[in-house]
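*Asks:* Below is one structure. I have some questions about it.
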Amino acid sequence: MRAMILAAGRGERMRPLTDHTPKPLLMVGGKPLIVWHIERLARAGFTELVINHAHLGQQIEAALRDGAQWQVHIRYSAEPQALETAGGIANALSLLGDEPFLVVNGDVFTDIDYASLHLPAGKLAHLVMVDNPPQHASGDFGLENGLVLESAGHRLTFSGVGVYHPVLFESVPPGQAAKLAPLLKAAMQQQRVTGQHHLGLWHDIGTPERLDQLDHWLHKKTNQGE
């Protein structure tokens, strides 16, 4: 299975940090945020990676190159303007192939076991859900009996990590901006979206404050020899 890291966001809430540095290259725990993803994907056995980019994207290519230093092969999907999540994925389908693939938001930090994720037969998406963080207390979707539902009594937050079938994106023309949520909701109506509840580490790195908090935690953990 191939994997894609979403790295095309402008990072408006991270300004001024992202005025001259793309969000995925912001340092946390002594290395760029996106490198944490690459290392974890490599350990999970993913060797073919696709990274999309827009804002200051050439910096990302210059920093990561072909991925050889992590024993992976990276290909890039450049977007003149950010195409949002579904648009970015649809634009990269020629690099992702015809089989289900893993997608990871570049601005989360997590210990999700990527090697354990798969797409059940006949489904279009499998989402990793997490407990609602303070900044998103209302959650996104429900999870009942292994199915992700648009409406449910108890809602969880989509982690930004999922496995998708290319068919989910067939209605999105390459190069056109499109959001992911409408595609997922349509698939949920057909009961073709499964999910799981991750109870481990997960951080949404959406603001400079949350970046600083994670950086402090990682350095403390390193100093303690964990």
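Every chain in the structure tokens has a letter given in the order shown (A, B, ...), and although residue numbers restart at 1 in each chain, ligands are simply numbered from 1 in the order shown.
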Write out as a PyMOL selection string each polymer residue whose atoms come within 9 Å of A:Leu168, counting only C-alpha atoms; drop sequence neighbours fewer than 5 positions from it.

*Replies:* chain A and resi 124-125+183-184+187

*Asks:* Write out as an MDAnalysis selection string which residues come within 10 Å of stretch 66-71 of chain A when counting only C-alpha atoms, dropping same-chain ones fewer than 3 positions away.

*Replies:* chainID A and resid 35 38:43 45:49 61:63 74:76

*Asks:* So that I can see what lies close to stretch 205-221 of chain A, please list as an NGL selection string the residues with an atom at most 12 Å from it, counting only C-alpha atoms and leaving out residues fewer than 6 positions away in the same chain.

*Replies:* :A and (9-18 or 23-24 or 26-34 or 36 or 105-110 or 133-136 or 159-160)

*Asks:* Could you pull the residues within 10 Å of A:Ile89, counting only C-alpha atoms, minus those fewer than 3 positions along the same chain, as a VMD selection string?

*Replies:* chain A and resid 4 to 6 50 to 52 77 83 to 86 92 to 96 103 164 166 169 172 174 to 175 177 to 178 180

*Asks:* Since we have the selection now, will you write its residues out, keeping C-alpha atoms, as a short mmCIF file (atom, residue, chain, number, x, y, z; two decimals), in the first residue's frame?

*Replies:*
data_model
loop_
_atom_site.label_atom_id
_atom_site.label_comp_id
_atom_site.auth_asym_id
_atom_site.auth_seq_id
_atom_site.Cartn_x
_atom_site.Cartn_y
_atom_site.Cartn_z
CA MET A 4 0.31 10.14 0.88
CA ILE A 5 1.22 12.96 3.24
CA LEU A 6 -0.90 16.09 2.83
CA VAL A 50 3.52 10.81 -2.28
CA ILE A 51 3.65 14.34 -0.86
CA ASN A 52 1.56 17.19 -2.24
CA SER A 77 2.34 16.33 -6.48
CA LEU A 83 -6.65 22.16 -3.85
CA GLU A 84 -7.96 21.24 -0.37
CA THR A 85 -7.96 17.63 0.83
CA ALA A 86 -10.06 15.79 -1.76
CA ALA A 92 -2.26 12.80 -7.11
CA LEU A 93 -4.19 9.66 -8.10
CA SER A 94 -1.85 8.96 -11.02
CA LEU A 95 0.95 8.59 -8.46
CA LEU A 96 -1.10 6.58 -5.98
CA VAL A 103 -3.40 9.35 3.68
CA TYR A 164 -9.15 5.35 0.84
CA PRO A 166 -9.40 5.65 -5.49
CA PHE A 169 -12.37 10.52 -5.70
CA VAL A 172 -13.25 15.13 -8.66
CA PRO A 174 -7.69 16.62 -11.46
CA GLY A 175 -6.65 20.17 -10.68
CA ALA A 177 -10.29 22.14 -5.49
CA ALA A 178 -12.62 19.91 -3.47
CA LEU A 180 -13.18 15.66 1.58
#

*Asks:* Ranking A:Asp204, A:His73, A:Glu150, A:Ser116 by minimum distance to A:Ala186 and counting only C-alpha atoms, which one comes first?

*Replies:* A:Glu150

*Asks:* Which residues are near A:Leu199? Cut-off 8 Å, only C-alpha atoms, ignore same chain within fewer than 2 positions. Put them as a list in words.

*Replies:*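 The neighbour list is Val130, Asp131, His197 and Leu201 of chain A.
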